[in-house]
>>> print(open('upload_16.cif').read())   # mmCIF, C-alpha atoms
data_work
#
loop_
_atom_site.label_atom_id
_atom_site.label_comp_id
_atom_site.auth_asym_id
_atom_site.auth_seq_id
_atom_site.Cartn_x
_atom_site.Cartn_y
_atom_site.Cartn_z
CA MET A 1 -19.03 11.10 18.87
CA THR A 2 -15.51 11.50 17.46
CA LEU A 3 -13.59 9.62 14.81
CA PRO A 4 -10.55 7.66 16.05
CA PRO A 5 -7.04 9.08 15.86
CA PRO A 6 -4.75 7.49 13.28
CA LYS A 7 -2.04 6.29 15.65
CA LYS A 8 -2.09 3.21 17.85
CA THR A 9 -1.96 3.44 21.64
CA ARG A 10 1.60 3.66 22.94
CA TRP A 11 2.77 0.40 24.50
CA TYR A 12 3.26 2.01 27.91
CA ALA A 13 -0.36 3.23 27.93
CA THR A 14 -1.85 -0.23 27.41
CA GLU A 15 -3.67 -2.24 30.05
CA LEU A 16 -0.99 -4.95 29.74
CA ALA A 17 1.83 -2.50 30.53
CA THR A 18 -0.12 -1.15 33.51
CA THR A 19 -0.57 -4.67 34.88
CA ILE A 20 3.12 -5.49 34.54
CA PHE A 21 4.26 -2.18 36.05
CA ALA A 22 1.92 -2.71 39.01
CA ALA A 23 3.49 -6.11 39.74
CA VAL A 24 7.11 -4.90 39.69
CA PRO A 25 7.26 -3.52 43.30
CA THR A 26 5.85 -6.75 44.76
CA VAL A 27 8.23 -8.89 42.70
CA LEU A 28 11.21 -6.79 43.80
CA ALA A 29 10.11 -6.99 47.43
CA ALA A 30 9.75 -10.78 47.20
CA VAL A 31 13.17 -11.16 45.56
CA GLY A 32 14.63 -8.90 48.25
CA GLY A 33 13.06 -11.10 50.95
CA ILE A 34 14.53 -14.24 49.41
CA ALA A 35 17.97 -12.62 49.12
CA LYS A 36 17.82 -11.47 52.74
CA GLY A 37 16.83 -14.96 53.86
CA TRP A 38 19.78 -16.48 52.01
CA ARG A 39 22.20 -13.94 53.49
CA GLU A 40 20.93 -14.38 57.03
CA ASP A 41 20.29 -18.10 56.61
CA THR A 42 16.70 -17.54 57.66
CA ARG A 43 14.53 -20.21 56.09
CA GLY A 44 11.33 -18.37 56.98
CA PHE A 45 12.28 -15.31 54.92
CA VAL A 46 13.20 -17.52 51.97
CA GLN A 47 9.95 -19.47 52.11
CA LEU A 48 7.81 -16.36 52.54
CA GLY A 49 9.60 -14.52 49.75
CA ALA A 50 9.31 -17.50 47.43
CA ALA A 51 5.59 -17.88 48.17
CA VAL A 52 4.95 -14.19 47.53
CA LEU A 53 7.02 -14.28 44.35
CA ILE A 54 5.24 -17.35 42.96
CA ALA A 55 1.80 -15.97 43.83
CA THR A 56 2.64 -12.60 42.29
CA LEU A 57 3.99 -14.13 39.09
CA LEU A 58 1.01 -16.43 38.67
CA GLY A 59 -1.40 -13.60 39.39
CA THR A 60 0.44 -11.31 36.97
CA VAL A 61 0.36 -13.93 34.20
CA PHE A 62 -3.39 -14.43 34.67
CA LYS A 63 -4.08 -10.69 34.84
CA SER A 64 -1.79 -10.08 31.84
CA LEU A 65 -3.81 -12.47 29.69
CA GLN A 66 -6.98 -10.60 30.64
CA SER A 67 -5.30 -7.23 30.03
CA ARG A 68 -4.02 -8.35 26.64
CA ARG A 69 -7.51 -9.40 25.55
CA LYS A 70 -8.87 -6.04 26.70
CA ASP A 71 -6.13 -4.17 24.81
CA VAL A 72 -6.98 -6.08 21.63
CA ARG A 73 -10.68 -5.27 22.02
CA ASP A 74 -9.95 -1.60 22.72
CA ALA A 75 -7.52 -1.36 19.79
CA THR A 76 -10.12 -2.86 17.48
CA ARG A 77 -12.76 -0.39 18.66
CA ARG A 78 -10.41 2.57 18.25
CA SER A 79 -8.86 1.48 14.96
CA PRO A 80 -9.89 3.36 11.81
CA ALA A 81 -9.01 0.31 9.68
CA ASP A 82 -12.70 -0.38 9.08
CA LEU A 83 -13.06 3.10 7.57
CA GLU A 84 -10.13 2.41 5.26
CA ALA A 85 -11.88 -0.75 4.08
CA GLY A 86 -14.99 1.30 3.33
CA LEU A 87 -12.92 3.73 1.28
CA TYR A 88 -11.88 0.94 -1.11
CA THR A 89 -15.54 0.37 -1.96
CA LEU A 90 -16.17 4.11 -2.22
CA HIS A 91 -13.12 4.55 -4.45
CA SER A 92 -14.23 1.84 -6.87
CA ALA A 93 -17.78 3.24 -6.89
CA VAL A 94 -16.61 6.71 -7.92
CA VAL A 95 -14.38 5.25 -10.63
CA ALA A 96 -17.33 3.20 -11.91
CA MET A 97 -19.60 6.28 -11.90
CA ARG A 98 -17.17 7.82 -14.35
CA GLY A 99 -17.51 4.78 -16.60
CA LEU A 100 -13.89 3.73 -16.14
CA PRO A 101 -12.65 0.15 -15.76
CA TYR A 102 -11.20 -0.54 -12.34
CA ASP A 103 -7.68 -1.13 -13.59
CA ASP A 104 -4.31 0.22 -12.46
CA HIS A 105 -4.58 3.28 -14.68
CA ALA A 106 -7.95 4.32 -13.29
CA ILE A 107 -6.98 3.48 -9.72
CA GLU A 108 -3.93 5.75 -9.93
CA LYS A 109 -6.08 8.63 -11.18
CA LEU A 110 -8.07 8.98 -7.97
CA ARG A 111 -7.27 8.84 -4.30
CA VAL A 112 -9.50 9.20 -1.25
CA THR A 113 -9.01 9.47 2.50
CA ILE A 114 -10.81 10.64 5.65
CA PHE A 115 -9.93 13.54 7.90
CA ARG A 116 -11.30 13.82 11.42
CA LEU A 117 -12.05 17.18 12.99
CA VAL A 118 -10.10 17.84 16.19
CA GLU A 119 -12.26 20.66 17.52
CA THR A 120 -10.12 21.41 20.56
CA GLU A 121 -7.16 22.19 18.32
CA ASP A 122 -9.09 23.57 15.33
CA VAL A 123 -7.34 21.17 12.95
CA VAL A 124 -8.24 18.27 10.71
CA GLU A 125 -6.16 15.10 10.91
CA GLN A 126 -5.87 12.40 8.27
CA ILE A 127 -6.80 9.13 9.99
CA VAL A 128 -6.19 6.54 7.26
CA PRO A 129 -3.75 6.27 4.33
CA TYR A 130 -4.90 7.36 0.90
CA VAL A 131 -6.72 4.67 -1.06
CA GLY A 132 -5.78 4.79 -4.74
CA GLY A 133 -2.97 6.86 -6.18
CA ALA A 134 -0.11 7.59 -3.82
CA GLY A 135 -0.72 6.10 -0.39
CA GLY A 136 0.34 7.23 3.04
CA GLY A 137 -0.41 10.54 4.67
CA GLU A 138 -2.05 9.27 7.87
CA GLY A 139 -1.42 11.57 10.80
CA THR A 140 -1.04 14.66 8.59
CA ARG A 141 -2.68 17.73 10.10
CA TRP A 142 -4.03 20.90 8.52
CA SER A 143 -5.91 23.92 9.75
CA ALA A 144 -9.67 23.26 9.88
CA ARG A 145 -10.19 26.72 8.39
CA SER A 146 -8.18 26.49 5.19
CA GLY A 147 -7.97 24.54 1.97
CA VAL A 148 -10.71 22.56 0.28
CA VAL A 149 -11.15 20.37 3.36
CA GLY A 150 -11.37 23.42 5.61
CA ARG A 151 -14.02 24.95 3.39
CA ALA A 152 -16.14 21.78 3.67
CA VAL A 153 -15.80 22.00 7.47
CA LEU A 154 -16.62 25.71 7.71
CA GLN A 155 -19.52 25.70 5.26
CA GLY A 156 -20.82 22.28 6.21
CA LYS A 157 -21.34 21.30 2.59
CA VAL A 158 -19.45 19.75 -0.30
CA ALA A 159 -16.47 21.77 -1.52
CA ALA A 160 -15.03 21.17 -4.99
CA MET A 161 -12.25 22.74 -6.98
CA ILE A 162 -10.48 22.26 -10.31
CA ARG A 163 -6.93 23.51 -10.54
CA ASP A 164 -6.25 25.85 -13.41
CA GLY A 165 -2.92 27.11 -14.68
CA SER A 166 0.53 26.47 -13.25
CA PHE A 167 1.41 25.18 -9.81
CA ASP A 168 2.26 28.75 -8.79
CA ASP A 169 -1.25 29.81 -9.86
CA TYR A 170 -2.65 26.95 -7.80
CA VAL A 171 -0.67 28.05 -4.74
CA GLN A 172 -1.86 31.63 -5.19
CA THR A 173 -5.50 30.47 -5.40
CA LEU A 174 -5.17 28.43 -2.21
CA VAL A 175 -3.58 31.35 -0.37
CA GLU A 176 -5.98 34.03 -1.59
CA SER A 177 -9.25 32.10 -1.81
CA TYR A 178 -8.79 29.19 0.60
CA ALA A 179 -6.88 30.88 3.46
CA MET A 180 -3.87 28.56 3.28
CA HIS A 181 -0.39 29.64 4.27
CA THR A 182 2.03 29.73 1.37
CA HIS A 183 4.34 27.09 2.87
CA GLU A 184 1.36 24.74 3.38
CA ALA A 185 0.16 25.21 -0.20
CA ARG A 186 3.63 24.57 -1.60
CA ALA A 187 3.92 21.38 0.44
CA LEU A 188 0.98 19.86 -1.47
CA PRO A 189 1.67 17.45 -4.35
CA ASP A 190 1.90 19.19 -7.70
CA ASP A 191 0.30 16.36 -9.70
CA ARG A 192 -3.29 16.81 -8.38
CA PHE A 193 -5.77 18.83 -10.44
CA ALA A 194 -9.29 18.07 -9.19
CA PHE A 195 -10.55 18.07 -5.59
CA VAL A 196 -13.77 17.22 -3.74
CA ALA A 197 -14.34 17.33 0.04
CA VAL A 198 -17.53 15.87 1.52
CA PRO A 199 -18.34 16.63 5.19
CA LEU A 200 -19.44 13.84 7.53
CA ARG A 201 -22.02 14.96 10.08
CA ARG A 202 -23.56 13.74 13.30
CA ARG A 203 -27.13 12.55 12.73
CA GLY A 204 -26.83 13.72 9.14
CA THR A 205 -27.53 17.34 10.05
CA GLY A 206 -25.45 17.88 13.19
CA PRO A 207 -21.91 19.26 13.54
CA VAL A 208 -19.25 18.17 11.08
CA ILE A 209 -17.05 15.44 12.59
CA GLY A 210 -14.89 14.66 9.57
CA VAL A 211 -14.38 15.00 5.83
CA VAL A 212 -14.10 12.47 3.02
CA TYR A 213 -11.52 13.94 0.67
CA PHE A 214 -10.88 13.07 -2.98
CA ASP A 215 -8.25 14.35 -5.35
CA SER A 216 -7.23 13.32 -8.85
CA THR A 217 -4.40 13.60 -11.33
CA ASP A 218 -7.09 14.06 -14.00
CA ALA A 219 -8.47 17.61 -14.10
CA THR A 220 -11.60 16.37 -15.87
CA LEU A 221 -12.52 13.58 -13.43
CA PHE A 222 -15.18 15.69 -11.68
CA SER A 223 -15.90 17.93 -14.64
CA ASP A 224 -18.98 18.43 -16.77
CA PRO A 225 -18.12 17.13 -20.27
CA ALA A 226 -20.58 19.63 -21.75
CA SER A 227 -18.85 22.58 -20.16
CA PRO A 228 -16.44 24.33 -22.53
CA ARG A 229 -14.38 25.46 -19.53
CA GLY A 230 -14.36 22.05 -17.88
CA ASP A 231 -16.27 23.29 -14.83
CA ILE A 232 -17.20 21.00 -11.94
CA SER A 233 -20.17 18.78 -12.74
CA GLU A 234 -22.62 19.48 -9.93
CA PRO A 235 -24.75 16.38 -10.69
CA PHE A 236 -21.67 14.17 -10.52
CA VAL A 237 -20.44 15.77 -7.30
CA VAL A 238 -23.91 15.18 -5.82
CA LYS A 239 -23.56 11.50 -6.76
CA VAL A 240 -20.15 11.38 -5.07
CA ALA A 241 -21.57 12.98 -1.94
CA THR A 242 -24.46 10.51 -1.98
CA ALA A 243 -21.99 7.64 -2.25
CA CYS A 244 -20.33 9.00 0.91
CA ALA A 245 -23.64 9.02 2.78
CA GLY A 246 -23.36 5.34 3.64
CA LEU A 247 -19.93 5.94 5.13
CA GLY A 248 -21.39 8.82 7.13
CA LEU A 249 -24.17 6.60 8.46
CA TYR A 250 -21.67 3.89 9.35
CA THR A 251 -19.47 6.29 11.33
CA GLU A 252 -22.59 7.51 13.14
CA LEU A 253 -23.66 4.01 14.13
CA ARG A 254 -20.17 2.72 14.88
CA TYR A 255 -18.75 5.60 16.88
CA ALA A 256 -21.97 6.80 18.51
CA MET A 257 -22.36 3.33 20.02
CA GLU A 258 -18.73 3.40 21.19
CA ALA A 259 -19.44 6.71 22.93
CA GLY A 260 -22.41 5.12 24.68
CA ARG A 261 -25.00 7.20 22.87
#
>>> encode(input="upload_16.cif", output="structure tokens")
Amino acid sequence: MTLPPPKKTRWYATELATTIFAAVPTVLAAVGGIAKGWREDTRGFVQLGAAVLIATLLGTVFKSLQSRRKDVRDATRRSPADLEAGLYTLHSAVVAMRGLPYDDHAIEKLRVTIFRLVETEDVVEQIVPYVGGAGGGEGTRWSARSGVVGRAVLQGKVAAMIRDGSFDDYVQTLVESYAMHTHEARALPDDRFAFVAVPLRRRGTGPVIGVVYFDSTDATLFSDPASPRGDISEPFVVKVATACAGLGLYTELRYAMEAGR
């Protein structure tokens, strides 16, 4: 079972393109036969070429309609759009757990996305745009062994962090404690202060296949209000991870079935 890549299938790799490409040699041969018949004034060549051309075009149109339907079905199965829809519900649930109204101000505070683990390349890849806050980011890749997301992958459990100090301090922490390269750490947005990464597993206890990742512009969003240092609230993080469990179960059912398991 693997989560789908973020990009759509290239047009030339679709079933429709394959069908059209396969028909081109026959069409060219038929047109060549017709042209030869006209040049040599041979009615038989013209009639044969025309018959082949018409049959090929009709067959291609029929096969193209079938191929197009198959491409649509395959694109729907491979699309991570359904996961993005689930993230909207998850995003609003986490905001509600913090007792905040689901208005523009609260929405901008938190963003969430999903990374898939590409084991063969030892990277994680963002498969859907961020929900909440700044959008975009799909297709972005990071090492599966660094950062907050990488820690969730390596340890197989929730990873959480609150940024303290300046952006330079944050970069230093990521480099020294989270095995990130300096240029990667400096490429991160400087307006995020709280981070939670929840691993998604096969069968709930199997290998990690992806990570649900949250970050916030509010350093206290995942904090314990009773903590004088504003430390991570473990009970709240457990609630966040529990809220992700349904998404984990959905990916298991959805993508395990697609893999024929």
>>> resolve_selection(input="upload_16.cif", expression="the PyMOL selection byres ((chain A and resi 240) around 10)", output="list in words")
Leu90, His91, Ala93, Val94, Met97, Val158, Val196, Ala197, Val198, Phe214, Phe222, Glu234, Pro235, Phe236, Val237, Val238, Lys239, Ala241, Thr242, Ala243, Cys244 and Ala245 of chain A
>>> residues_around(input="upload_16.cif", residues="A:Ser92", least_positions_apart="5", cutoff="9 Å", atoms="only C-alpha atoms", output="list in words")
Leu87, Met97, Tyr102 and Ile107 of chain A
>>> closest_residue(input="upload_16.cif", among="A:Tyr130, A:Tyr178, A:Phe195, A:Tyr170", to="A:Gly147", atoms="all atoms listed in the file")
A:Tyr178
>>> atom_distance(input="upload_16.cif", atom1="atom CA of A:Asp191", atom2="atom CA of A:Leu221")
13.6 Å
>>> resolve_selection(input="upload_16.cif", expression="the PyMOL selection byres ((chain A and resi 110) around 9)", output="mmCIF file with C-alpha atoms, in the coordinates of the input")
data_model
loop_
_atom_site.group_PDB
_atom_site.id
_atom_site.type_symbol
_atom_site.label_atom_id
_atom_site.label_comp_id
_atom_site.auth_asym_id
_atom_site.auth_seq_id
_atom_site.Cartn_x
_atom_site.Cartn_y
_atom_site.Cartn_z
ATOM 1 C CA HIS A 91 -13.120 4.550 -4.450
ATOM 2 C CA VAL A 94 -16.610 6.710 -7.920
ATOM 3 C CA VAL A 95 -14.380 5.250 -10.630
ATOM 4 C CA ALA A 106 -7.950 4.320 -13.290
ATOM 5 C CA ILE A 107 -6.980 3.480 -9.720
ATOM 6 C CA GLU A 108 -3.930 5.750 -9.930
ATOM 7 C CA LYS A 109 -6.080 8.630 -11.180
ATOM 8 C CA ARG A 111 -7.270 8.840 -4.300
ATOM 9 C CA VAL A 112 -9.500 9.200 -1.250
ATOM 10 C CA VAL A 131 -6.720 4.670 -1.060
ATOM 11 C CA GLY A 132 -5.780 4.790 -4.740
ATOM 12 C CA GLY A 133 -2.970 6.860 -6.180
ATOM 13 C CA PHE A 214 -10.880 13.070 -2.980
ATOM 14 C CA ASP A 215 -8.250 14.350 -5.350
ATOM 15 C CA SER A 216 -7.230 13.320 -8.850
ATOM 16 C CA THR A 217 -4.400 13.600 -11.330
ATOM 17 C CA ASP A 218 -7.090 14.060 -14.000
ATOM 18 C CA LEU A 221 -12.520 13.580 -13.430
#
>>> closest_residue(input="upload_16.cif", among="A:Thr251, A:Ser166, A:Thr60, A:Thr42", to="A:Ala22", atoms="all atoms listed in the file")
A:Thr60
>>> residues_around(input="upload_16.cif", residues="A:Val211", least_positions_apart="5", cutoff="12 Å", atoms="all atoms listed in the file", output="ChimeraX atom specification")
/A:3,112-118,123-128,144,148-159,196-202,241,244-245,247-248,251
>>> atom_distance(input="upload_16.cif", atom1="atom CA of A:Thr182", atom2="atom CA of A:Ser233")
28.5 Å
>>> atom_distance(input="upload_16.cif", atom1="atom CA of A:Gly210", atom2="atom CA of A:Ala81")
15.5 Å
>>> residues_around(input="upload_16.cif", residues="stretch 184-190 of chain A", least_positions_apart="3", cutoff="8 Å", atoms="all atoms listed in the file", output="list in words")
Phe167, Val171, Leu174, Val175, Met180 and His181 of chain A
>>> resolve_selection(input="upload_16.cif", expression="the PyMOL selection byres ((chain A and resi 57) around 12)", output="number ranges by chain")
A: 19-20, 22-28, 30-31, 50-56, 58-64
